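Enquirer: Structure provided below as structure tokens; questions to follow.
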Amino acid sequence: GAVVSQHPSRVICKSGTSVKIECRSLDFQATTMFWYRQFPKKSLMLMATSNEGSKATYEQGVEKDKFLINHASLTLSTLTVTSAHPEDSSFYICSAQGIPSTDTQYFGPGTRLTVL
Amino acid sequence: SQQGEEDPQALSIQEGENATMNCSYKTSINNLQWYRQNSGRGLVHLILIRSNEREKHSGRLRVTLDTSKKSSSLLITASRAADTASYFCATDAKKSSGDKLTFGTGTRLAVRP
């Protein structure tokens, strides 16, 4: 089956620093990648959609200058949380969709970000 | 944006019993998907049912879809302790840049050994 990895799985950083999270599709080409945020015991909230080689589309209320998304290749997307603050602490999950199946999103294992 | 509502929010059953979770949504869909999430982990895709389908099976899973009522149900038969997880429904919203999924609120299932 389609496998999506995320790195790191867990990160703790100081307030004001930037953190980069990688999302990789390991055995398929991801034409579209999605980034979600999830608070404890809550559902996933879509932050942005990115297509390979083009700018990401952000959901309403998500600051694009704070959450920088790059989808430079068909197997890699990155989310950079710039100048992180404690309120950015959350569980960030990416998903990938592409060839051969365009109906199903395959999710990464998530990254737990804690900002002190 | 549409928001799926799931009920119950939490469900505790004995191993061997069946578990039923329901999902309601607000707008027209192309398909509905069910995902499972173990605590602190990513999501695992369970099953996809298209808007022109009414029922689908996969192993111990049975999903129904009633587009007239804008609802779906997930039935897990002969539950096991390993089925303990949160279960989410997700509906799609077609857009030119790819399919967006809108997730329901989730049902936390606990299966007691």
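To be explicit about the labels: the chains of the structure tokens are called A, B, and onward in the order shown, and within each one the residues are counted from 1, while ligands get numbers from 1 in the order they are shown.
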Name all residues at most 10 Å from segment 101-109 of chain B (count only C-alpha atoms; drop same-chain ones fewer than 3 positions away) and give them as a ChimeraX atom specification.
Expert: /A:34,41-46,104-105 /B:1-13,19-25,31-39,81,83-94,98,112
Enquirer: Set the cut-off to 6 Å and count only C-alpha atoms: what are the residues of chain B that reach chain A? Output as an MDAnalysis selection string.
Expert: chainID B and resid 41:43 105
Enquirer: Would you export the selected residues with N, CA and C atoms as a PDB file, in the first residue's frame, please?
Expert:
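Produced file selection38.pdb, reproduced below:
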ATOM      1  N   ARG B  41      -1.206   8.995  16.633  1.00  0.00           N
ATOM      2  CA  ARG B  41      -0.694   8.466  15.361  1.00  0.00           C
ATOM      3  C   ARG B  41      -1.397   9.118  14.181  1.00  0.00           C
ATOM      4  N   GLY B  42      -0.926   8.765  12.993  1.00  0.00           N
ATOM      5  CA  GLY B  42      -1.578   9.243  11.791  1.00  0.00           C
ATOM      6  C   GLY B  42      -2.846   8.458  11.509  1.00  0.00           C
ATOM      7  N   LEU B  43      -3.449   8.766  10.395  1.00  0.00           N
ATOM      8  CA  LEU B  43      -4.713   8.136  10.035  1.00  0.00           C
ATOM      9  C   LEU B  43      -4.501   6.980   9.074  1.00  0.00           C
ATOM     10  N   THR B 105     -16.211  14.858  13.487  1.00  0.00           N
ATOM     11  CA  THR B 105     -15.698  15.090  14.830  1.00  0.00           C
ATOM     12  C   THR B 105     -15.085  13.851  15.452  1.00  0.00           C
TER      13      THR B 105
END
Enquirer: For atom CA of Gln38 of chain A and atom CA of Glu52 of chain A, determine how far apart the two atoms are, in Å to one decimal place.
Expert: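 So the answer is 23.8 Å.
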Enquirer: In Å, how far is it from atom CA of His71 of chain A to atom CA of Gly40 of chain B?
Expert: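 Atom-to-atom, atom CA of His71 of chain A and atom CA of Gly40 of chain B are spaced 25.1 Å apart.
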Enquirer: Give me, please, the distance in Å between atom CA of Leu79 of chain A and atom CA of His45 of chain B, quoted to one decimal.
Expert: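 Atom CA of Leu79 of chain A sits 22.5 Å away from atom CA of His45 of chain B.
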Enquirer: Which of chain B counts as strand (DSSP E) under DSSP, as an NGL selection string please?
Expert: :B and (5-7 or 10-14 or 19-24 or 31-37 or 43-50 or 55-58 or 61-66 or 71-76 or 85-93 or 100-103 or 107-112)
Enquirer: I'd like to know which of A:Ala2, A:His85, A:Asn70, A:Ile12 is closest to Leu26 of chain A, using only C-alpha atoms.
Expert: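 Closest to Leu26 of chain A, using only C-alpha atoms: A:Ala2.
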